[in-house]
Each structure stands twice: as structure tokens, then as C-alpha cells.
Amino acid sequence: MCGIVGLFAKNPEVEANLGALLAPMLYEMSDRGPDSAGVAFYREPVAAGHTKLTLQHDDLNFNWSTLRKGIKEEFGASTGIERRANHAVIVAHADAAPVEAWIEEHYPAVKVMSAGEAIEIYKEVGRPEAFIETFDITSLNGTHALGHTRMATESKVTTAGSHPFSTGLDLCLVHNGSLSNHNGLRRMLRREGIRFQTLNDTEVAAGYMMWRQREGDTLTEMMDNAFEDLDGFYTFLIGTRDGFAVVRDPIACKPAVLAETDEWVAMSSEYRSIATLPGAENAKTWEPAPATVYSWEKEAVR
Amino acid sequence: MTTATDVKVVDLATTPLRELNQRLHDGAAGGPLRWRIINPGGAHAVAVGVDAPFEIEIEGHTGYYTAGMNKHAHVRVNGNVGVGCGENIMSGTIHITGNASQACAATGRGGLVIVEGDAAARCGISMKGVEIVVKGSIGHMSAFMAQSGALVVCGDAGDSLGDSIYETHIYVRGSVEGLGADCIEKELKEFHREELGRLLTAAGADAKVDEFKRYGSARRLYNFNIDHAGEY
């Protein structure tokens with residue numbers, strides 16, 4: 001099953017309260033996905049040449065200071081570590097790739113959840129309401145955010161198997177549905193140099209998108225290719241640095257509702273999530289058509 | 001004492017859904033005939049399985065299976081409805097002032113479903129006698145395996161309309177993106193003109209019979225054809 005939510009702010013007030021608005025949306029999707037939950041928030045972008053990393057370690061008492069010190073000595077790093085449960089946000093003064101390689105070499109048990117200028121990904125197994133509380137989601141601000149509640153069908157319930165999946169710098173993917181050709185695609189993508197942590201089908205879709213972007217596809221080109229290559233059912237919500245995109249498979253197997261007001265754009269698997277938002281009753285509300293990309297972007301302020 | 005004009009207001013923000021549905025299932029004996037349900041908040045299964053001549057008004061958007069299996073009741077939703085609204089409706093009416101998600105009136109056996117806005121994919125899938133009037137447009141795979149009844153669309157129809165249809169009268173005013181297997185355009189005979197006129201009037205639709213085209217079954221899939229065995 002799984003539940004998806006997304007919220008895009010159109011004014012500073014919604015940006016300031018983004019977490020407090022997204023949390024009830026995610027909570028409403030608990031029934032659709034009781035075994036894990038996750039969010040991606042786009043907030044407080046770092047300066048050019050810096051990389052914001054969201055890192056995870058299974059040990060809640062892991063010493064992040066030592067790791068940050070190591071990054072600082074090697075690349076330079078901003079002071080301060082923003083911790084949420086067993087995740088931590090650290091800003092390195094370098095491009096993402098060398099820092100990620102350094103972390104993998106020196107701290108193999110640390111997982112990189114996301115990397116980019118603005119993105120932060122938090123995800124964990126367990127019920128969504130526990131996730132919301134443990135990670136203090138309501139305190140987060142941001143320009144836009146995506147969320148997911150998982151009901152696992154084809155691979156293990158693990159942190160790595162939870163959504164959102166990072167698909168590159170400032171990019172992420174959440175998915176409701178299932179892919180039937182993910183094993184073959186995974187083999188093909190491994191040959192292309194894409195790496196996988198799990199046997200999860202969504203991770204393959206994320207890897208596919210990473211690959212297409214590496215090959216120079218725009219969002220539209222990438223989805224046109226995906227309609228050809230991904231076999232199965234899906235509603236995808238794709239997060240980018242400046243916005244998000246919603247797309248359903250060509251026969252629209254999986255649900256999706258969109259709603260828009262002057263203050264926000266919201267996406268959810270079911271309307272009851274959107275009903276929690278102020279002004280939902282009078283929002284323009286509609287169901288996205290199959291095989292059609294709907295996207296919203298902030299005007300890039302860089 | 002209650003009278004026929006009493007309206008029972010139920011607030012779903014404070015009343016559990018099961019309590020509401022149980023009260024509706026307890027039937028008309030001695031209770032109010034008119035119900036007003038407020039704050040549905042997109043809840044699923046609002047007013048399912050009603051088997052009494054109630055007038056039920058729902059103020060706001062609802063979730064899945066709204067008024068499913070409805071019998072005798074007249075339900076009006078002032079808002080949008082989720083997947084499977086009026087699924088397997090037996091009789092009575094369901095009037096939706098907004099849009100309907102997919103599988104609206106699926107497998108319906110009787111009654112009338114009116115959608116003021118658009119209905120999404122699979123509208124009237126496997127319909128078995130229900131009459132549906134959509135004032136906007138409908139999505140793909142609508143009236144799939146439709147068996148009887150009528151589907152009126154004042155706007156456009158999506159791809160694969162009436163795929164594998166048995167017998168149902170489909171009337172579309174706008175364009176049809178594509179017809180499904182064994183669905184063809186058919187003549188609008190006097191019988192159909194009367195039926196369509198009656199449904200447009202019942203739904204209060206501002207459209208003229210002459211503006212519609214009729215689609216129905218070519219009846220080529222009724223029996224297995226050994227000559228086409230390779231195509232199955």
C-alpha cells in the first residue's frame with residue numbers, strides 16, 4: 001500500500017511552519033504504511049561550494065563530533081551538528097563526492113541519507129506517529145517537503161529500505177506501488193556503475209533516475225524514459241532543490257490527489273491528509289492524470 | 001418524537017464513523033429521515049450500506065467508498081469524493097457536487113449517480129444497471145466490462161472507453177480519446193433519445209440530446225471464436 005505526502009510552501013508563513021503542517025498529513029497516512037516512515041525537507045540552503053550531508057548511524061550515542069572533526073580536518077566543515085534521533089546534519093566545505101568517499105572509508109557504518117545544498121532526509125522503521133515524535137518533525141521549517149509511510153511488500157523493513165530514497169544531489173524519490181522488473185533493471189544499472197544498498201524496488205527506480213540524470217536527461221526526458229523502462233505500478237513524488245514533481249504510471253493504478261491554494265500546493269495518496277491543512281476545503285483539488293508530470297518550482301534564488 | 005422534517009446533524013469531527021454508520025443501518029424505524037453529516041475530513045466509508053429511504057447530505061470532501069452499496073437513500077455530497085463512491089449502488093441516488101475519484105459507481109446494479117464535476121479513471125467499471133451522469137469528463141478505462149445501465153458524459157471520455165463491454169448505453173457529448181475492445185459507436189435510436197433525455201433532465205444537465213454520440217457493444221466478444229484462438 002504505502003502513503004505519500006508532499007507540501008510546497010508559497011509564502012514565508014507556510015515555510016516557517018512546514019514541519020507542523022506536514023506532520024499531521026503524514027500521520028493521516030499511518031494506516032497505509034505502518035512499518036516505516038520518512039521525510040525529505042528542503043531548508044536553509046548552504047553556501048556555494050559547501051555540501052549539507054544528512055548522516056545516519058544505528059547507534060543513538062554515536063560520536064558525531066569526532067566524525068565532524070575528521071571532515072573538518074580533511075575538507076573544512078561548519079561548526080555545529082544538527083542531531084535528530086540517530087541522524088545528524090553536517091556541513092562540509094567541499095563537493096559531495098569526496099566527502100562521501102571519505103566517510104565510507106573511515107566510517108563504514110555511517111550511512112549518507114542525503115547530500116546537497118538544501119535537502120535533509122530522515123527515515124526510520126516503526127510507526128509514523130513514533131517517527132514524527134522521535135525526529136521532532138513539527139519543528140522543521142523549509143520551502144517544501146516530501147513524506148512517506150511504508151507498508152513493505154517486496155523487501156525487508158529496514159532504515160535503508162525506507163523512503164525517501166536519495167537519487168543524487170538535492171534529489172529524492174518516494175513511491176507508492178511496486179515494480180515488477182526491478183531485478184533486471186538493478187543488474188543493468190550496476191553495470192552502469194550505480195550502487196545499491198537493498199533489494200528494494202524503489203531503490204532501483206531511484207538508481208534509474210540517478211542514471212538518467214547522469215546521462216543528461218531533464219526531468220521530462222527522464223520520466224519519458226521511465227514510462228518505457230519501469231514496469232509496474234507507481235505514483236512517484238520526486239523532490240528537487242527548488243520544488244517537487246508528481247507522476248503516476250500510465251494506467252494510474254495507485255492513488256494520488258493534488259490540491260492548491262494561494263498559500264501552498266499539497267499532494268497526498270488520499271484527501272484525508274490534505275484535509276488537515278488550513279484552507280483545504282476551498283482549495284482547488286484534483287486527481288492527476290496518468291503518465292503526466294505535474295511539477296512546481298520555486299523561482300531559483302541563489 | 002421525531003417528524004419527517006427533523007434533520008439529524010452528525011459531526012464526524014466528534015462522532016466515530018462506525019457510530020454514524022450503525023445509526024444509519026438501524027434504519028428508519030422511529031428515527032429521523034433526514035441526516036446532515038458535517039466535517040467528513042476525507043474519511044472513508046461514510047454512509048455505506050444504507051438501506052432506508054433517508055435523505056443524507058454530506059458537507060465536505062469524503063474518502064473511499066462513500067455511500068457504497070446504497071439502497072433507497074438519496075445522498076448528496078457537497079464536495080469531492082474518493083475512490084469507489086457508490087460502489088455497488090442498488091437503488092436511490094448519489095449526487096456529488098465536486099469531482100469523483102476513480103471507480104465511481106463501480107459494479108452498480110441500480111439507482112442514479114450524478115457527478116457535477118469530473119470523474120477519474122474506471123468510472124462505471126463493471127456496471128450492472130446503474131445510471132451515471134457525469135457533467136464533466138471521465139478518465140480512462142471507464143465502463144470496462146459494463147453489463148447494463150447507462151453512462152452519460154457531458155464532457156470528454158478518456159482512453160479505452162467501454163473496453164470488453166457487454167451491454168450498456170454510453171452517451172458522450174465531447175471527444176473520446178479511444179474506444180476499448182469491442183466498443184463501437186452506435187446509432188442513437190428513438191429509445192436512446194428518450195433514455196438520454198430522461199437522464200439529462202434527472203441530473204439537471206444543460207445539454208441537448210442531439211449533441212451526444214452513443215457507444216455500445218459490437219457483440220463480437222460474447223463467444224469464444226476458434227478462428228481467433230491465436231489472438232486470445
# chains A, B, ... in the order shown; residues from 1 in each chain; ligands from 1
$ interface_residues --of "chain B" --to "chain A" --cutoff "8 Å" --atoms "only C-alpha atoms" --output "list in words"
Gly41, Gly42, Ala43, Gly60, His61, Thr62, Gly63, Gly82, Asn99, Ser101, Ala120, Ala121, Gly139 and His140 of chain B
$ select_by_dssp --residues "segment 74-229 of chain B" --states "strand (DSSP E)" --output "number ranges by chain"
B: 74-78, 93-96, 112-115, 128-134, 148-153, 169-172, 183-186, 213-217
$ write_last_selection --atoms "N, CA and C atoms" --output "short mmCIF file (atom, residue, chain, number, x, y, z; two decimals), in the first residue's frame"
data_model
loop_
_atom_site.label_atom_id
_atom_site.label_comp_id
_atom_site.auth_asym_id
_atom_site.auth_seq_id
_atom_site.Cartn_x
_atom_site.Cartn_y
_atom_site.Cartn_z
N HIS B 74 -31.15 8.81 -0.61
CA HIS B 74 -30.73 9.87 -1.52
C HIS B 74 -29.60 10.63 -0.84
N VAL B 75 -28.40 10.47 -1.39
CA VAL B 75 -27.21 11.02 -0.75
C VAL B 75 -26.67 12.16 -1.61
N ARG B 76 -26.33 13.26 -0.94
CA ARG B 76 -25.73 14.37 -1.66
C ARG B 76 -24.42 14.72 -0.96
N VAL B 77 -23.35 14.78 -1.74
CA VAL B 77 -22.05 15.16 -1.17
C VAL B 77 -21.70 16.54 -1.70
N ASN B 78 -21.61 17.51 -0.81
CA ASN B 78 -21.20 18.85 -1.23
C ASN B 78 -19.67 18.92 -1.19
N THR B 93 -30.23 7.56 -5.01
CA THR B 93 -29.38 8.46 -5.80
C THR B 93 -28.17 8.91 -4.98
N ILE B 94 -27.10 9.19 -5.69
CA ILE B 94 -25.92 9.81 -5.08
C ILE B 94 -25.58 11.00 -5.96
N HIS B 95 -25.53 12.17 -5.36
CA HIS B 95 -25.28 13.39 -6.12
C HIS B 95 -24.00 14.03 -5.57
N ILE B 96 -22.99 14.14 -6.41
CA ILE B 96 -21.70 14.68 -5.98
C ILE B 96 -21.51 16.05 -6.64
N LEU B 112 -29.20 6.03 -9.41
CA LEU B 112 -28.65 7.09 -10.25
C LEU B 112 -27.50 7.77 -9.52
N VAL B 113 -26.38 7.94 -10.21
CA VAL B 113 -25.24 8.65 -9.65
C VAL B 113 -24.96 9.87 -10.53
N ILE B 114 -24.93 11.04 -9.92
CA ILE B 114 -24.70 12.28 -10.67
C ILE B 114 -23.40 12.92 -10.17
N VAL B 115 -22.51 13.23 -11.09
CA VAL B 115 -21.26 13.92 -10.74
C VAL B 115 -21.26 15.27 -11.45
N LYS B 128 -23.70 -2.72 -13.67
CA LYS B 128 -24.70 -3.76 -13.94
C LYS B 128 -26.11 -3.20 -13.79
N GLY B 129 -26.36 -2.02 -14.29
CA GLY B 129 -27.72 -1.49 -14.24
C GLY B 129 -27.81 -0.09 -13.68
N VAL B 130 -26.75 0.40 -13.03
CA VAL B 130 -26.77 1.76 -12.50
C VAL B 130 -26.81 2.76 -13.66
N GLU B 131 -27.39 3.93 -13.40
CA GLU B 131 -27.34 5.02 -14.37
C GLU B 131 -26.42 6.11 -13.81
N ILE B 132 -25.51 6.57 -14.66
CA ILE B 132 -24.49 7.55 -14.21
C ILE B 132 -24.54 8.74 -15.15
N VAL B 133 -24.57 9.94 -14.57
CA VAL B 133 -24.45 11.16 -15.38
C VAL B 133 -23.27 11.97 -14.85
N VAL B 134 -22.28 12.18 -15.70
CA VAL B 134 -21.12 12.98 -15.32
C VAL B 134 -21.17 14.26 -16.16
N SER B 148 -24.90 -3.58 -17.97
CA SER B 148 -26.17 -2.93 -18.31
C SER B 148 -26.24 -1.59 -17.63
N GLY B 149 -27.29 -0.82 -17.92
CA GLY B 149 -27.39 0.53 -17.39
C GLY B 149 -26.95 1.55 -18.42
N ALA B 150 -26.75 2.79 -17.98
CA ALA B 150 -26.39 3.85 -18.91
C ALA B 150 -25.37 4.79 -18.27
N LEU B 151 -24.44 5.23 -19.11
CA LEU B 151 -23.42 6.19 -18.67
C LEU B 151 -23.47 7.41 -19.58
N VAL B 152 -23.76 8.57 -18.99
CA VAL B 152 -23.85 9.81 -19.76
C VAL B 152 -22.67 10.71 -19.39
N VAL B 153 -21.96 11.19 -20.40
CA VAL B 153 -20.80 12.04 -20.14
C VAL B 153 -20.97 13.35 -20.93
N HIS B 169 -25.50 1.42 -22.37
CA HIS B 169 -25.59 2.54 -23.29
C HIS B 169 -24.67 3.65 -22.81
N ILE B 170 -23.69 3.98 -23.61
CA ILE B 170 -22.76 5.06 -23.25
C ILE B 170 -23.05 6.25 -24.16
N TYR B 171 -23.27 7.40 -23.55
CA TYR B 171 -23.52 8.62 -24.32
C TYR B 171 -22.43 9.64 -23.99
N VAL B 172 -21.73 10.12 -25.00
CA VAL B 172 -20.65 11.10 -24.76
C VAL B 172 -20.90 12.33 -25.64
N CYS B 183 -15.92 -2.08 -28.34
CA CYS B 183 -16.81 -0.93 -28.12
C CYS B 183 -16.83 -0.11 -29.41
N ILE B 184 -18.01 0.20 -29.90
CA ILE B 184 -18.13 0.93 -31.16
C ILE B 184 -19.17 2.05 -31.02
N GLU B 185 -19.11 2.99 -31.95
CA GLU B 185 -20.16 4.00 -31.99
C GLU B 185 -21.41 3.36 -32.59
N LYS B 186 -22.57 3.66 -32.01
CA LYS B 186 -23.81 3.06 -32.48
C LYS B 186 -24.87 4.15 -32.72
N LYS B 213 -23.15 11.42 -28.87
CA LYS B 213 -23.00 10.21 -29.67
C LYS B 213 -23.16 9.01 -28.73
N ARG B 214 -23.66 7.92 -29.28
CA ARG B 214 -23.84 6.73 -28.45
C ARG B 214 -22.77 5.70 -28.77
N TYR B 215 -22.29 5.02 -27.75
CA TYR B 215 -21.33 3.93 -27.91
C TYR B 215 -21.86 2.70 -27.21
N GLY B 216 -21.55 1.54 -27.76
CA GLY B 216 -22.04 0.31 -27.15
C GLY B 216 -21.26 -0.88 -27.65
N SER B 217 -21.81 -2.05 -27.40
CA SER B 217 -21.08 -3.29 -27.67
C SER B 217 -21.26 -3.73 -29.13
#
$ select_by_dssp --residues "segment 161-240 of chain A" --states "alpha helix (DSSP H)" --output "ChimeraX atom specification"
/A:182-191,201-214,219-229
$ write_last_selection --atoms "N, CA and C atoms" --output "compact mmCIF listing (two decimals), in the first residue's frame"
# COMPACT_ATOMS: atom_id res chain seq x y z
N HIS A 182 12.35 -4.95 -11.39
CA HIS A 182 13.45 -4.27 -10.71
C HIS A 182 14.72 -5.10 -10.65
N ASN A 183 14.59 -6.44 -10.65
CA ASN A 183 15.82 -7.25 -10.59
C ASN A 183 16.67 -7.09 -11.84
N GLY A 184 16.01 -7.15 -12.99
CA GLY A 184 16.73 -6.95 -14.25
C GLY A 184 17.31 -5.55 -14.37
N LEU A 185 16.51 -4.56 -13.95
CA LEU A 185 16.99 -3.18 -14.02
C LEU A 185 18.18 -2.96 -13.10
N ARG A 186 18.12 -3.60 -11.91
CA ARG A 186 19.21 -3.43 -10.95
C ARG A 186 20.52 -3.97 -11.56
N ARG A 187 20.43 -5.13 -12.23
CA ARG A 187 21.63 -5.70 -12.87
C ARG A 187 22.17 -4.74 -13.93
N MET A 188 21.25 -4.20 -14.73
CA MET A 188 21.67 -3.27 -15.79
C MET A 188 22.33 -2.03 -15.18
N LEU A 189 21.70 -1.49 -14.12
CA LEU A 189 22.21 -0.26 -13.52
C LEU A 189 23.54 -0.48 -12.82
N ARG A 190 23.73 -1.69 -12.24
CA ARG A 190 25.03 -2.00 -11.61
C ARG A 190 26.13 -1.95 -12.66
N ARG A 191 25.80 -2.44 -13.85
CA ARG A 191 26.80 -2.38 -14.93
C ARG A 191 27.11 -0.93 -15.30
N ASP A 201 12.62 -2.35 -4.51
CA ASP A 201 12.29 -1.94 -5.89
C ASP A 201 12.38 -0.42 -6.09
N THR A 202 11.99 0.33 -5.05
CA THR A 202 12.04 1.79 -5.18
C THR A 202 13.47 2.29 -5.31
N GLU A 203 14.38 1.60 -4.61
CA GLU A 203 15.78 2.00 -4.71
C GLU A 203 16.25 1.86 -6.16
N VAL A 204 15.69 0.86 -6.88
CA VAL A 204 16.04 0.69 -8.29
C VAL A 204 15.50 1.87 -9.12
N ALA A 205 14.27 2.28 -8.81
CA ALA A 205 13.71 3.45 -9.51
C ALA A 205 14.56 4.67 -9.23
N ALA A 206 15.00 4.81 -7.98
CA ALA A 206 15.86 5.95 -7.60
C ALA A 206 17.19 5.86 -8.36
N GLY A 207 17.75 4.64 -8.42
CA GLY A 207 19.01 4.45 -9.14
C GLY A 207 18.84 4.73 -10.63
N TYR A 208 17.68 4.34 -11.14
CA TYR A 208 17.38 4.59 -12.56
C TYR A 208 17.39 6.10 -12.83
N MET A 209 16.74 6.85 -11.93
CA MET A 209 16.65 8.30 -12.12
C MET A 209 18.04 8.94 -12.00
N MET A 210 18.83 8.42 -11.03
CA MET A 210 20.21 8.90 -10.89
C MET A 210 20.97 8.70 -12.21
N TRP A 211 20.80 7.52 -12.78
CA TRP A 211 21.49 7.18 -14.03
C TRP A 211 21.03 8.09 -15.17
N ARG A 212 19.73 8.28 -15.30
CA ARG A 212 19.22 9.12 -16.40
C ARG A 212 19.71 10.57 -16.27
N GLN A 213 19.74 11.05 -15.02
CA GLN A 213 20.23 12.42 -14.82
C GLN A 213 21.72 12.52 -15.16
N ARG A 214 22.46 11.46 -14.79
CA ARG A 214 23.88 11.44 -15.13
C ARG A 214 24.06 11.48 -16.65
N LEU A 219 14.06 16.50 -16.36
CA LEU A 219 13.01 15.78 -15.62
C LEU A 219 12.01 15.14 -16.59
N THR A 220 11.62 15.90 -17.61
CA THR A 220 10.63 15.40 -18.57
C THR A 220 11.21 14.23 -19.38
N GLU A 221 12.44 14.38 -19.83
CA GLU A 221 13.07 13.29 -20.60
C GLU A 221 13.23 12.04 -19.73
N MET A 222 13.62 12.28 -18.47
CA MET A 222 13.81 11.16 -17.55
C MET A 222 12.50 10.39 -17.37
N MET A 223 11.39 11.11 -17.21
CA MET A 223 10.12 10.43 -17.00
C MET A 223 9.63 9.76 -18.28
N ASP A 224 9.89 10.38 -19.43
CA ASP A 224 9.52 9.72 -20.69
C ASP A 224 10.25 8.38 -20.81
N ASN A 225 11.53 8.36 -20.43
CA ASN A 225 12.28 7.11 -20.44
C ASN A 225 11.75 6.13 -19.40
N ALA A 226 11.41 6.67 -18.23
CA ALA A 226 10.91 5.81 -17.15
C ALA A 226 9.61 5.13 -17.55
N PHE A 227 8.72 5.83 -18.26
CA PHE A 227 7.46 5.22 -18.69
C PHE A 227 7.74 3.99 -19.55
N GLU A 228 8.82 4.04 -20.32
CA GLU A 228 9.20 2.90 -21.17
C GLU A 228 9.85 1.78 -20.36
N ASP A 229 10.73 2.15 -19.44
CA ASP A 229 11.61 1.15 -18.82
C ASP A 229 11.11 0.58 -17.51
$ residues_around --residues "Cys104 of chain B" --least-positions-apart "3" --cutoff "7 Å" --atoms "only C-alpha atoms" --output "PyMOL selection string"
chain B and resi 83-87+100-101+119+123-124
$ atom_distance --atom1 "atom CA of Phe233 of chain A" --atom2 "atom CA of Glu154 of chain A"
13.4 Å
$ atom_distance --atom1 "atom CA of Lys8 of chain B" --atom2 "atom CA of Leu33 of chain B"
8.1 Å
$ atom_distance --atom1 "atom CA of Ala218 of chain B" --atom2 "atom CA of Asp182 of chain B"
5.3 Å
$ residues_around --residues "Asn70 of chain B" --least-positions-apart "3" --cutoff "7 Å" --atoms "only C-alpha atoms" --output "list in words"
Val48, Gly49, Val50, Asp51, Ala67, Ala73, Gly86, Ile89, Met90, Ser91 and Gly92 of chain B
$ closest_residue --among "A:Ala115, A:Val157, A:Val246, A:Leu67" --to "Ala40 of chain A" --atoms "only C-alpha atoms"
A:Ala115
$ residues_around --residues "segment 169-175 of chain A" --least-positions-apart "5" --cutoff "6 Å" --atoms "only C-alpha atoms" --output "list in words"
Ala115, Gly116, Ile119, His163, Pro164, Thr235, Phe236, Leu237, Ile238, Gly239, Thr240 and Arg241 of chain A
